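Next comes query26.cif, a file with mmCIF, C-alpha atoms.
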```cif
data_input
#
loop_
_atom_site.label_atom_id
_atom_site.label_comp_id
_atom_site.auth_asym_id
_atom_site.auth_seq_id
_atom_site.Cartn_x
_atom_site.Cartn_y
_atom_site.Cartn_z
CA MET E 9 10.68 68.75 8.72
CA SER E 10 12.70 65.78 9.97
CA LEU E 11 11.52 62.24 9.26
CA LEU E 12 12.85 61.25 12.67
CA ASP E 13 11.05 61.78 15.94
CA THR E 14 13.23 64.54 17.37
CA ARG E 15 11.57 64.21 20.77
CA VAL E 16 13.47 60.94 21.27
CA PRO E 17 17.22 61.36 21.92
CA ALA E 18 19.92 58.90 20.94
CA VAL E 19 22.70 57.51 23.13
CA LEU E 20 25.81 56.13 21.45
CA LEU E 21 27.85 53.69 23.53
CA ARG E 22 31.47 52.74 22.80
CA THR E 23 33.77 51.00 25.26
CA ASP E 24 36.72 50.87 22.85
CA PRO E 25 38.94 53.88 23.72
CA ASN E 26 40.34 54.33 20.18
CA PRO E 27 39.88 58.07 19.40
CA PHE E 28 40.14 57.41 15.63
CA HIS E 29 36.83 55.54 15.44
CA HIS E 30 35.21 57.51 12.63
CA GLY E 31 32.02 55.43 12.77
CA THR E 32 31.05 57.10 16.03
CA LEU E 33 31.42 60.53 14.46
CA GLY E 34 29.34 59.34 11.49
CA ALA E 35 26.51 58.32 13.81
CA VAL E 36 26.71 61.62 15.70
CA ARG E 37 26.41 63.61 12.48
CA SER E 38 23.72 61.43 10.91
CA LEU E 39 21.37 61.74 13.85
CA GLY E 40 22.34 65.28 14.79
CA ARG E 41 21.70 66.61 11.29
CA ALA E 42 18.20 65.10 11.50
CA GLY E 43 17.55 67.14 14.64
CA VAL E 44 17.99 64.32 17.16
CA GLU E 45 19.66 65.12 20.48
CA VAL E 46 22.80 62.97 20.56
CA HIS E 47 24.60 61.82 23.71
CA VAL E 48 27.89 59.90 23.53
CA VAL E 49 29.17 57.53 26.19
CA ALA E 50 32.81 57.02 25.24
CA ASP E 51 36.39 57.72 26.22
CA ALA E 52 36.88 60.61 23.83
CA ALA E 53 38.87 63.07 25.92
CA GLY E 54 41.10 64.95 23.49
CA GLY E 55 39.61 63.05 20.55
CA PRO E 56 37.76 64.46 17.54
CA VAL E 57 34.23 63.24 18.31
CA HIS E 58 33.53 65.53 21.24
CA ARG E 59 34.36 68.52 19.03
CA SER E 60 31.33 67.89 16.83
CA ARG E 61 28.63 70.53 16.91
CA TYR E 62 26.07 67.70 16.91
CA VAL E 63 27.10 66.21 20.26
CA ARG E 64 24.73 67.40 22.94
CA ARG E 65 26.81 65.91 25.74
CA MET E 66 29.71 63.51 26.34
CA HIS E 67 29.27 61.08 29.23
CA PRO E 68 32.08 59.26 31.08
CA PRO E 69 32.33 55.61 29.97
CA PRO E 70 32.63 52.63 32.31
CA LEU E 71 35.97 52.45 34.12
CA PRO E 72 38.64 49.90 33.20
CA GLY E 73 37.68 46.45 34.43
CA ALA E 74 33.98 47.27 34.34
CA SER E 75 31.52 44.40 34.77
CA ALA E 76 28.11 44.14 33.16
CA HIS E 77 26.73 45.60 36.40
CA ASP E 78 29.08 48.58 36.05
CA ILE E 79 28.01 49.16 32.44
CA LEU E 80 24.39 49.01 33.52
CA ALA E 81 25.09 51.58 36.25
CA VAL E 82 26.64 53.96 33.70
CA LEU E 83 23.71 53.62 31.32
CA ARG E 84 21.23 54.19 34.13
CA ARG E 85 23.10 57.34 35.13
CA VAL E 86 22.96 58.58 31.54
CA ALA E 87 19.26 57.72 31.32
CA ALA E 88 18.64 59.96 34.33
CA ASP E 89 20.19 62.88 32.43
CA VAL E 90 18.33 62.51 29.12
CA ALA E 91 14.73 62.38 28.05
CA SER E 92 13.34 58.87 28.41
CA PRO E 93 13.15 56.65 26.52
CA ALA E 94 16.22 57.07 24.30
CA VAL E 95 17.39 55.00 21.35
CA LEU E 96 20.57 53.21 22.45
CA ILE E 97 23.10 52.33 19.72
CA PRO E 98 26.24 50.35 20.62
CA MET E 99 29.19 51.22 18.35
CA ASP E 100 31.54 48.28 19.01
CA ASP E 101 31.15 44.53 19.49
CA ALA E 102 31.79 44.53 23.24
CA SER E 103 29.14 47.22 23.76
CA ALA E 104 26.67 45.40 21.52
CA ILE E 105 27.12 42.16 23.46
CA ALA E 106 26.78 43.88 26.83
CA VAL E 107 23.65 45.76 25.75
CA SER E 108 22.03 42.63 24.33
CA ARG E 109 22.59 40.83 27.64
CA LEU E 110 21.07 43.76 29.53
CA ARG E 111 18.20 44.41 27.11
CA ASP E 112 15.32 43.57 29.46
CA THR E 113 16.95 45.42 32.37
CA LEU E 114 17.57 48.55 30.29
CA ALA E 115 13.91 48.87 29.34
CA PRO E 116 11.99 51.16 29.53
CA SER E 117 14.79 53.74 29.72
CA TYR E 118 16.14 52.69 26.32
CA LEU E 119 14.63 51.55 23.04
CA LEU E 120 16.38 48.50 21.58
CA PRO E 121 15.68 46.02 18.76
CA ALA E 122 14.00 42.75 19.76
CA LEU E 123 17.22 40.75 19.55
CA PRO E 124 17.60 37.63 21.72
CA GLY E 125 20.27 38.28 24.34
CA ALA E 126 22.56 35.45 23.24
CA LEU E 127 22.42 36.13 19.49
CA ALA E 128 24.76 39.14 19.39
CA GLU E 129 27.41 37.18 21.24
CA ARG E 130 26.88 34.14 19.04
CA VAL E 131 27.38 35.92 15.74
CA ALA E 132 30.34 37.96 17.03
CA ASP E 133 32.07 34.77 18.22
CA LYS E 134 34.39 33.64 15.40
CA GLY E 135 34.11 30.05 16.53
CA GLU E 136 30.32 30.09 16.39
CA LEU E 137 30.26 31.81 13.01
CA ALA E 138 31.22 28.66 11.11
CA SER E 139 28.20 26.77 12.44
CA VAL E 140 25.97 29.81 11.87
CA CYS E 141 27.03 29.91 8.23
CA ALA E 142 26.60 26.16 7.77
CA ALA E 143 23.04 26.32 9.10
CA ALA E 144 22.17 29.19 6.75
CA ASP E 145 24.01 27.74 3.72
CA VAL E 146 26.38 30.70 3.56
CA PRO E 147 29.99 29.91 2.53
CA HIS E 148 32.65 30.25 5.23
CA PRO E 149 36.38 29.50 5.06
CA VAL E 150 37.46 26.08 6.36
CA THR E 151 38.12 26.59 10.07
CA LEU E 152 39.82 24.24 12.52
CA VAL E 153 39.77 24.53 16.31
CA PRO E 154 42.85 22.81 17.78
CA ASP E 155 42.68 21.38 21.28
CA GLY E 156 46.40 21.40 21.93
CA PRO E 157 49.70 22.83 20.62
CA ALA E 158 50.46 19.73 18.55
CA GLN E 159 47.02 19.89 16.94
CA ALA E 160 47.59 23.59 16.17
CA ALA E 161 50.81 22.75 14.33
CA ASP E 162 49.08 19.90 12.49
CA ALA E 163 46.22 22.18 11.45
CA VAL E 164 48.68 24.48 9.68
CA ARG E 165 50.14 21.52 7.81
CA ARG E 166 46.64 20.44 6.75
CA LEU E 167 45.47 23.89 5.67
CA GLY E 168 48.73 25.05 4.09
CA VAL E 169 50.51 28.30 4.84
CA PRO E 170 49.68 31.04 5.33
CA VAL E 171 46.85 30.34 7.75
CA VAL E 172 44.60 32.98 9.33
CA ALA E 173 44.68 32.72 13.13
CA LYS E 174 41.82 34.26 15.10
CA TRP E 175 40.77 34.34 18.71
CA SER E 176 37.13 33.34 18.82
CA ARG E 177 36.13 36.16 21.21
CA PRO E 178 38.44 39.08 20.42
CA TRP E 179 36.69 41.39 22.88
CA LEU E 180 38.26 39.32 25.68
CA LEU E 181 41.85 39.97 24.63
CA PRO E 182 43.84 41.61 27.43
CA ALA E 183 44.99 45.20 26.98
CA GLY E 184 48.67 45.64 26.32
CA GLY E 185 49.38 41.92 25.97
CA GLY E 186 50.58 42.13 22.40
CA LEU E 187 47.94 39.68 21.14
CA ARG E 188 46.19 40.62 17.91
CA SER E 189 42.65 39.52 17.21
CA THR E 190 43.67 38.25 13.76
CA LEU E 191 47.03 37.52 12.16
CA LEU E 192 48.66 35.38 9.49
CA VAL E 193 50.50 32.29 10.70
CA ARG E 194 53.31 31.15 8.41
CA SER E 195 54.61 28.02 10.11
CA PRO E 196 53.45 25.12 12.33
CA GLU E 197 55.85 26.35 15.02
CA GLN E 198 54.21 29.77 15.07
CA ALA E 199 50.78 28.15 15.48
CA ARG E 200 52.09 26.00 18.32
CA GLU E 201 53.47 29.05 20.15
CA LEU E 202 50.28 30.99 19.62
CA TYR E 203 48.15 28.19 21.03
CA LEU E 204 50.20 28.28 24.24
CA ARG E 205 48.78 31.78 24.84
CA THR E 206 45.16 30.58 24.82
CA ALA E 207 44.66 31.14 28.54
CA GLU E 208 46.01 34.67 28.18
CA ALA E 209 43.72 35.38 25.21
CA GLY E 210 40.62 34.27 27.11
CA SER E 211 39.03 32.34 24.22
CA ALA E 212 39.74 29.54 21.76
CA LEU E 213 42.26 29.80 18.94
CA LEU E 214 40.87 29.26 15.43
CA LEU E 215 42.98 28.41 12.40
CA GLN E 216 41.32 29.27 9.12
CA ALA E 217 42.13 28.64 5.48
CA CYS E 218 43.43 31.84 3.92
CA LEU E 219 41.53 33.27 0.98
CA PRO E 220 44.11 35.49 -0.70
CA PRO E 221 43.20 39.16 -1.18
CA GLY E 222 43.08 40.64 -4.64
CA PRO E 223 41.17 43.04 -6.90
CA ASP E 224 37.41 42.82 -6.43
CA ARG E 225 37.80 40.27 -3.59
CA ASP E 226 36.84 42.18 -0.42
CA TRP E 227 33.20 43.17 0.06
CA PHE E 228 30.90 44.20 2.89
CA PHE E 229 27.18 44.44 3.43
CA HIS E 230 25.52 46.80 5.90
CA GLY E 231 21.87 46.75 6.79
CA TYR E 232 19.14 47.14 9.37
CA ALA E 233 16.69 44.31 10.09
CA ASP E 234 13.42 45.91 11.17
CA GLY E 235 10.79 44.47 13.49
CA THR E 236 9.49 42.18 10.76
CA GLY E 237 12.95 40.92 9.85
CA ALA E 238 13.06 42.79 6.53
CA VAL E 239 16.50 44.15 5.64
CA ARG E 240 16.28 47.90 5.15
CA ALA E 241 18.79 50.64 4.39
CA GLY E 242 22.43 49.79 3.72
CA GLY E 243 23.59 47.64 0.83
CA PRO E 244 26.67 45.97 -0.68
CA GLY E 245 29.99 47.75 -0.88
CA ARG E 246 33.37 46.94 -2.36
CA LYS E 247 36.56 47.63 -0.45
CA GLN E 248 38.87 49.48 -2.84
CA LEU E 249 41.65 50.24 -0.40
CA ALA E 250 42.43 48.78 3.02
CA TRP E 251 44.71 49.87 5.84
CA PRO E 252 46.89 47.91 6.33
CA ARG E 253 46.86 47.05 2.62
CA GLY E 254 45.10 43.81 1.77
CA ALA E 255 43.96 42.95 5.27
CA GLY E 256 42.68 45.91 7.25
CA LEU E 257 39.87 48.40 7.69
CA THR E 258 38.18 50.07 4.76
CA ALA E 259 40.14 53.17 3.82
CA VAL E 260 38.22 53.59 0.55
CA GLY E 261 34.91 51.87 -0.20
CA ARG E 262 32.35 52.15 -2.99
CA TRP E 263 28.62 51.40 -3.04
CA THR E 264 28.46 48.71 -5.71
CA PRO E 265 25.40 46.67 -6.76
CA ASN E 266 25.84 42.96 -6.04
CA PRO E 267 22.61 40.90 -6.09
CA GLU E 268 24.42 37.71 -5.06
CA LEU E 269 25.76 39.34 -1.92
CA ARG E 270 22.34 40.71 -1.04
CA VAL E 271 20.81 37.23 -1.32
CA LEU E 272 23.45 35.80 1.01
CA ALA E 273 22.99 38.60 3.57
CA GLU E 274 19.19 38.37 3.59
CA ARG E 275 19.34 34.58 3.82
CA LEU E 276 21.62 34.76 6.85
CA ILE E 277 19.58 37.45 8.63
CA GLY E 278 16.35 35.54 7.98
CA ALA E 279 17.75 32.23 9.21
CA LEU E 280 18.95 33.82 12.44
CA GLY E 281 15.88 35.92 13.13
CA TYR E 282 18.27 38.81 13.64
CA ARG E 283 16.95 42.30 14.44
CA GLY E 284 18.87 45.57 14.41
CA VAL E 285 21.94 46.98 12.68
CA PHE E 286 24.51 44.58 11.26
CA ASP E 287 27.78 44.71 9.34
CA LEU E 288 29.00 41.68 7.35
CA ASP E 289 32.47 41.22 5.83
CA PHE E 290 32.92 38.93 2.82
CA ARG E 291 35.85 37.76 0.72
CA ARG E 292 35.37 36.30 -2.74
CA CYS E 293 37.39 33.19 -3.50
CA GLY E 294 39.54 33.76 -6.58
CA THR E 295 39.19 30.10 -7.60
CA THR E 296 35.49 29.38 -7.11
CA GLY E 297 34.09 32.91 -7.22
CA ARG E 298 32.02 32.20 -4.09
CA TYR E 299 31.63 34.86 -1.39
CA HIS E 300 32.72 33.65 2.06
CA LEU E 301 31.53 35.38 5.21
CA LEU E 302 34.51 36.39 7.36
CA ASP E 303 32.90 38.51 10.04
CA PHE E 304 29.48 39.34 11.50
CA ASN E 305 29.40 42.53 13.55
CA PRO E 306 26.14 43.13 15.48
CA ARG E 307 26.38 46.93 15.26
CA PRO E 308 27.07 49.68 12.70
CA GLY E 309 30.23 49.32 10.63
CA ALA E 310 32.63 52.24 10.70
CA GLN E 311 31.85 53.17 7.09
CA PHE E 312 28.04 52.86 7.37
CA ARG E 313 27.57 56.41 6.05
CA LEU E 314 28.60 55.14 2.61
CA PHE E 315 25.04 53.82 2.32
CA ALA E 316 23.11 57.06 2.76
CA ASP E 317 20.48 56.85 0.00
CA ARG E 318 18.55 59.54 -1.88
CA ALA E 319 16.05 59.79 0.98
CA GLY E 320 18.90 60.33 3.44
CA LEU E 321 18.34 56.94 5.07
CA ASP E 322 21.25 55.02 6.60
CA VAL E 323 21.28 52.15 9.10
CA VAL E 324 21.51 54.40 12.16
CA ARG E 325 18.57 56.54 11.09
CA ALA E 326 16.70 53.34 10.17
CA GLN E 327 17.07 52.08 13.73
CA HIS E 328 15.83 55.35 15.20
CA LEU E 329 12.85 55.46 12.85
CA ASP E 330 11.90 51.83 13.42
CA LEU E 331 12.16 51.92 17.21
CA THR E 332 10.11 55.12 17.44
CA GLY E 333 7.35 53.67 15.27
CA ARG E 334 7.97 55.80 12.22
CA PRO E 335 7.94 54.53 8.62
CA LEU E 336 11.23 54.04 6.81
CA PRO E 337 11.33 55.88 3.46
CA ASP E 338 12.21 53.99 0.30
CA GLY E 339 15.16 55.91 -1.10
CA ALA E 340 16.94 55.00 -4.32
CA PRO E 341 20.48 53.66 -3.84
CA LEU E 342 23.39 55.89 -4.83
CA HIS E 343 25.54 53.32 -6.61
CA GLY E 344 29.06 54.58 -7.23
CA ARG E 345 29.09 56.76 -4.10
CA SER E 346 32.36 56.38 -2.20
CA PHE E 347 33.56 56.67 1.38
CA VAL E 348 37.11 57.76 2.19
CA VAL E 349 38.97 57.80 5.50
CA GLU E 350 41.33 60.73 4.98
CA ASN E 351 44.09 59.77 7.39
CA TYR E 352 44.47 56.39 5.65
CA ALA E 353 43.88 57.55 2.06
CA PRO E 354 44.75 61.27 1.85
CA LEU E 355 45.42 61.28 -1.90
CA THR E 356 42.09 59.62 -2.69
CA ALA E 357 40.34 62.22 -0.57
CA LEU E 358 41.72 64.94 -2.86
CA ARG E 359 40.67 63.34 -6.14
CA PRO E 360 37.40 64.19 -7.94
CA ALA E 361 34.42 61.97 -7.09
CA PRO E 362 31.83 62.35 -9.86
CA ASP E 363 29.44 59.80 -8.28
CA GLY E 364 29.49 61.43 -4.85
CA ARG E 365 31.64 60.89 -1.81
CA GLU E 366 31.56 61.18 1.96
CA LEU E 367 34.68 61.78 3.99
CA ALA E 368 35.04 60.15 7.39
CA TRP E 369 36.31 63.24 9.19
CA HIS E 370 35.86 66.45 7.20
CA ALA E 371 32.44 68.01 6.81
CA ALA E 372 31.69 71.57 5.75
CA ASP E 373 28.92 71.90 8.36
CA ASP E 374 31.03 70.35 11.14
CA PRO E 375 34.72 71.18 10.54
CA ALA E 376 36.09 70.97 14.10
CA PRO E 377 36.40 67.14 14.30
CA GLY E 378 38.42 67.05 11.08
CA ARG E 379 40.88 69.62 12.37
CA ALA E 380 41.16 67.78 15.70
CA MET E 381 41.77 64.49 13.91
CA TRP E 382 44.74 65.80 11.93
CA SER E 383 46.31 67.28 15.05
CA LEU E 384 45.86 64.05 16.99
CA TRP E 385 46.93 61.91 14.03
CA GLY E 386 50.14 63.88 13.63
CA ARG E 387 51.06 63.24 17.25
CA HIS E 388 50.12 59.56 16.90
CA VAL E 389 52.31 59.06 13.82
CA ALA E 390 55.19 60.97 15.38
CA GLY E 391 54.97 58.77 18.45
CA ARG E 392 55.02 55.61 16.35
CA LEU E 393 58.06 56.84 14.45
CA ARG E 394 59.88 57.62 17.67
CA GLU E 395 59.18 54.10 18.93
CA ARG E 396 60.65 52.60 15.77
CA LEU E 397 63.72 54.82 15.79
CA LEU E 398 64.54 54.55 19.51
CA PRO E 399 66.40 51.20 19.22
CA ALA E 400 68.74 52.76 16.68
CA ALA E 401 69.33 55.90 18.75
CA PRO E 402 72.70 56.31 20.52
CA ALA E 403 72.80 54.92 24.05
CA ARG E 404 72.20 57.45 26.80
CA THR E 405 75.02 58.41 29.10
CA ALA E 406 74.91 57.17 32.67
CA SER E 407 73.99 60.64 33.87
CA ALA E 408 71.07 60.99 31.51
CA SER E 409 67.63 60.83 33.07
CA PRO E 410 65.57 57.79 32.13
CA PRO E 411 62.42 58.40 30.10
CA ALA E 412 59.19 58.72 32.02
CA PRO E 413 56.98 55.63 31.85
CA ARG E 414 54.01 55.79 29.49
CA ALA E 415 50.58 55.46 31.03
CA ALA E 416 48.45 52.67 29.67
CA SER E 417 45.23 53.64 27.93
CA PRO E 418 42.18 52.69 29.98
CA SER E 419 40.00 49.91 28.59
CA LEU E 420 37.46 47.33 29.58
CA PRO E 421 38.57 43.71 29.99
CA GLY E 422 39.37 42.28 26.58
CA LEU E 423 39.41 45.65 24.86
CA PRO E 424 42.88 46.67 23.66
CA SER E 425 44.37 50.08 24.26
CA LEU E 426 44.94 52.38 21.29
CA PRO E 427 46.38 50.12 18.60
CA SER E 428 49.32 50.71 16.31
CA LEU E 429 48.78 51.72 12.72
CA SER E 430 49.06 48.13 11.51
CA ASP E 431 46.76 46.86 14.23
CA ASN E 432 43.99 49.42 14.10
CA GLU E 433 41.36 46.90 13.16
CA LYS E 434 41.08 43.15 12.86
CA ALA E 435 42.78 41.82 9.73
CA SER E 436 39.45 40.80 8.28
CA LYS E 437 37.72 44.02 9.19
CA ARG E 438 36.31 46.51 6.80
#
```
Could you take the file, read its structure, and then write that structure out as structure tokens?
Amino acid sequence: MSLLDTRVPAVLLRTDPNPFHHGTLGAVRSLGRAGVEVHVVADAAGGPVHRSRYVRRMHPPPLPGASAHDILAVLRRVAADVASPAVLIPMDDASAIAVSRLRDTLAPSYLLPALPGALAERVADKGELASVCAAADVPHPVTLVPDGPAQAADAVRRLGVPVVAKWSRPWLLPAGGGLRSTLLVRSPEQARELYLRTAEAGSALLLQACLPPGPDRDWFFHGYADGTGAVRAGGPGRKQLAWPRGAGLTAVGRWTPNPELRVLAERLIGALGYRGVFDLDFRRCGTTGRYHLLDFNPRPGAQFRLFADRAGLDVVRAQHLDLTGRPLPDGAPLHGRSFVVENYAPLTALRPAPDGRELAWHAADDPAPGRAMWSLWGRHVAGRLRERLLPAAPARTASASPPAPRAASPSLPGLPSLPSLSDNEKASKR
């Protein structure tokens, strides 16, 4: 018998059109295996997620350029098609911010944590995060906010190269503009030029002291803050392999006990009065040994299934249990368990895992998404290779037909179209 209330469906919302978002598939499988009816609102046409046996129905996402009113209209349309109320789980920052703003309006069709509407946006804002950390006594890298191109160049001189440049509200970045949410700046001139694109980016430019990557430096903490504020499910994990290497998403992660990290996470959540699922990214300073918070994501992290304990509890199931008034079981942690994203770490996925392992895409009880991923990934990689080789290709003759223009991927304002391999996640992301 399922611990979850299977009478209450779940709706997963993702406005990011990236078909390689394995966290969405993880949430589908976690809830579906527990007997919950799962609906997905996402642009997943041709992607792996809709192939899962645990998806009850895919729903069209908001159209490009959608406003908060448009998102609300989509969610109301979905609510009319599913049993009410449903547990609503945003799967990206933009969705989490929109849902938190609409929380009171979405009730009673949806069950949501009691999170103040402005808090999700505050913690996701990279500029606000420094003050959030200072108030909670959580270390954060030195961050400067220039108010002009000359000040941006001076900030690089003060901090020393390389400097991490971030846009404070990455969900506002325009699609197809070539702006990355995070990148390394290696000269004052580069910082000056980047600042001149502030209006295009839609939010302030931050310049942050770089904490160099290295062995045992990159960590993350996932959890669920229940109605009382207690942190349940989840735990601390160590990033063993990133894509791109040293500064990207978690390709291989391991559940690793870290009491110091837990204290920092619980202190931060308590100080904020945060409720719901959260994903924190930390980097340990090689000089001081202190853990600095780099990112606060007010939604499930893509590798949240790493932290499925002996009772089968993870942060997504914790949210469903808590919001439907059911007790959360106390399961023992499975330290040493690993999580591998096969398309980024194929060799690791083939190695033995004596302490247990979960793959992002392949599952014996749900094989279709894994097969679809490899087919789509092959086309993606081939396309990237063609783009890199085209400049070196012989010039076409005058009679040759020009190539057909490529259609842009649809996205909401500030949400980039399908990124390149080296830009698949923010540089500080898991």
For segment 370-372 of chain E, list every protein, DNA or RNA residue within 12 Å, evaluated using only C-alpha atoms, and leave out those in the same chain fewer than 4 positions away; present the list as a PDB file with C-alpha atoms, in the frame of the given file.
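Result saved to selection-v4.pdb:
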```pdb
ATOM      1  CA  HIS E  30      35.210  57.510  12.630  1.00  0.00           C
ATOM      2  CA  LEU E  33      31.420  60.530  14.460  1.00  0.00           C
ATOM      3  CA  GLY E  34      29.340  59.340  11.490  1.00  0.00           C
ATOM      4  CA  ARG E  37      26.410  63.610  12.480  1.00  0.00           C
ATOM      5  CA  SER E  38      23.720  61.430  10.910  1.00  0.00           C
ATOM      6  CA  ARG E  41      21.700  66.610  11.290  1.00  0.00           C
ATOM      7  CA  PRO E  56      37.760  64.460  17.540  1.00  0.00           C
ATOM      8  CA  VAL E  57      34.230  63.240  18.310  1.00  0.00           C
ATOM      9  CA  SER E  60      31.330  67.890  16.830  1.00  0.00           C
ATOM     10  CA  ARG E  61      28.630  70.530  16.910  1.00  0.00           C
ATOM     11  CA  TYR E  62      26.070  67.700  16.910  1.00  0.00           C
ATOM     12  CA  PHE E 347      33.560  56.670   1.380  1.00  0.00           C
ATOM     13  CA  VAL E 348      37.110  57.760   2.190  1.00  0.00           C
ATOM     14  CA  VAL E 349      38.970  57.800   5.500  1.00  0.00           C
ATOM     15  CA  GLU E 350      41.330  60.730   4.980  1.00  0.00           C
ATOM     16  CA  ASN E 351      44.090  59.770   7.390  1.00  0.00           C
ATOM     17  CA  PRO E 354      44.750  61.270   1.850  1.00  0.00           C
ATOM     18  CA  ALA E 357      40.340  62.220  -0.570  1.00  0.00           C
ATOM     19  CA  LEU E 358      41.720  64.940  -2.860  1.00  0.00           C
ATOM     20  CA  ARG E 365      31.640  60.890  -1.810  1.00  0.00           C
ATOM     21  CA  GLU E 366      31.560  61.180   1.960  1.00  0.00           C
ATOM     22  CA  ALA E 376      36.090  70.970  14.100  1.00  0.00           C
ATOM     23  CA  PRO E 377      36.400  67.140  14.300  1.00  0.00           C
ATOM     24  CA  GLY E 378      38.420  67.050  11.080  1.00  0.00           C
ATOM     25  CA  ARG E 379      40.880  69.620  12.370  1.00  0.00           C
ATOM     26  CA  ALA E 380      41.160  67.780  15.700  1.00  0.00           C
ATOM     27  CA  MET E 381      41.770  64.490  13.910  1.00  0.00           C
ATOM     28  CA  TRP E 382      44.740  65.800  11.930  1.00  0.00           C
TER      29      TRP E 382
END
```
Distance table requested - segment 288-338 of chain E against segment 230-252 of chain E, cut-off 6 Å, all atoms listed in the file: one row per qualifying residue with the closest atom pair and its distance in Å to one decimal, ordered by chain and rising residue number, as a tab-separated table.
```
residue	atom	partner	partner_atom	distance
E:Phe315	CA	E:Gly242	CA	5.0
E:Asp322	CA	E:Ala241	CA	5.5
E:Val323	CA	E:Tyr232	CA	5.5
```
Take the point (28.3, 56.7, 13.3) as written in the file and pick out every residue within 10 Å of it, counting only C-alpha atoms; give the list as a list in words.
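Using only C-alpha atoms, the matching residues come out as Leu20, His29, His30, Gly31, Thr32, Leu33, Gly34, Ala35, Val36, Arg37, Ser38, Leu39, Ile97, Pro98, Met99, Pro308, Gly309, Ala310, Gln311, Phe312, Arg313, Asp322, Val323, Val324, Arg325 and Ala368 of chain E.
Going from atom CA of Asp89 of chain E to atom CA of Thr23 of chain E covers 19.4 Å.
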Using the chain letters and numbers from this file, what does the PyMOL selection byres ((chain E and resi 105) around 9) select? Give the answer as a PyMOL selection string.
chain E and resi 98+100-104+106-110+125-129+132+306
Pick from E:Pro116, E:Gly284, E:Pro362, E:Pro221 nearest to Ser92 of chain E, counting only C-alpha atoms
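When distances to Ser92 of chain E are compared using only C-alpha atoms, the smallest one comes from E:Pro116.
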I need every residue sitting at most 7 Å from the point (20.9, 57.1, 22.7) (coordinates as in the file, only C-alpha atoms considered), written as a PyMOL selection string.
chain E and resi 17-20+46-47+94-97
Give as a PyMOL selection string the residues that the PyMOL selection byres ((chain E and resi 152) around 7) matches when applied to the coordinates above.
chain E and resi 150-151+153-154+163+214-216
What is the atom CA of Arg270 of chain E-atom CA of Pro220 of chain E distance in Å, reported with one decimal?
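Rounded to one decimal, the two atoms are 22.4 Å apart.
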Atomic separation - atom CA of Asp155 of chain E relative to atom CA of Val169 of chain E, Å:
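Here the two named atoms are 19.5 Å from each other.
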Long-range neighbours of segment 225-227 of chain E as a PyMOL selection string, 12 Å cut-off, only C-alpha atoms, 3 positions minimum in chain
chain E and resi 219-222+230+243-250+253-258+260-266+268-270+273+287-303+435-438
Which residue, E:Leu114, E:Val63, E:Leu12, E:Leu355, has the smallest gap to Gln327 of chain E when you use only C-alpha atoms?
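Nearest candidate to Gln327 of chain E out of E:Leu114, E:Val63, E:Leu12, E:Leu355: E:Leu12.
With distances restricted to all atoms listed in the file, E:Ala183 is the closest residue to Pro25 of chain E from E:Leu272, E:Ala183, E:Ala87, E:Leu137.
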If you count all atoms listed in the file, which residues fall within 8 Å of Arg200 of chain E, apart from same-chain ones fewer than 6 positions away, as a list in words?
Pro157, Ala158, Ala160 and Ala161 of chain E
Quick one: which residues end up in the PyMOL selection byres ((chain E and resi 171) around 7) for this structure, as a list in words?
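That selection, the PyMOL selection byres ((chain E and resi 171) around 7), comes back as Val164, Leu167, Gly168, Val169, Pro170, Val172, Ala173, Leu192, Val193, Arg194, Leu215, Gln216, Ala217 and Cys218 of chain E.
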Selected residue, from E:Asp374, E:Asp24, E:Asp145, E:Asp78, that lies nearest to Trp179 of chain E when counting only C-alpha atoms:
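Looking at the shortest contact to Trp179 of chain E, the residue is E:Asp24.
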For each of E:Leu80, E:Pro341, E:Glu136, E:Glu274, take the minimum atom-to-atom distance to Asp112 of chain E, counting all atoms listed in the file, then give the residue where this is smallest.
E:Leu80
Shortest interatomic distance to Arg15 of chain E - which of E:Ala353, E:Val90, E:Leu187, E:Val131, counting all atoms listed in the file
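Comparing E:Ala353, E:Val90, E:Leu187, E:Val131 against Arg15 of chain E, the winner is E:Val90.
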Where atoms are lacking, segment 329-333 of chain E completed to N, CA, C and O atoms, as a short mmCIF file (atom, residue, chain, number, x, y, z; two decimals), keeping the file's coordinate frame:
```
data_model
loop_
_atom_site.label_atom_id
_atom_site.label_comp_id
_atom_site.auth_asym_id
_atom_site.auth_seq_id
_atom_site.Cartn_x
_atom_site.Cartn_y
_atom_site.Cartn_z
N LEU E 329 14.20 55.41 13.41
CA LEU E 329 12.85 55.46 12.85
C LEU E 329 12.03 54.24 13.27
O LEU E 329 10.88 54.36 13.71
N ASP E 330 12.62 53.07 13.14
CA ASP E 330 11.90 51.83 13.42
C ASP E 330 11.51 51.73 14.89
O ASP E 330 10.38 51.36 15.22
N LEU E 331 12.43 52.07 15.78
CA LEU E 331 12.16 51.92 17.21
C LEU E 331 11.23 52.99 17.76
O LEU E 331 10.68 52.83 18.85
N THR E 332 11.06 54.08 17.01
CA THR E 332 10.11 55.12 17.44
C THR E 332 8.79 55.02 16.68
O THR E 332 7.95 55.93 16.78
N GLY E 333 8.61 53.92 15.95
CA GLY E 333 7.35 53.67 15.27
C GLY E 333 7.09 54.49 14.04
O GLY E 333 5.93 54.66 13.64
#
```
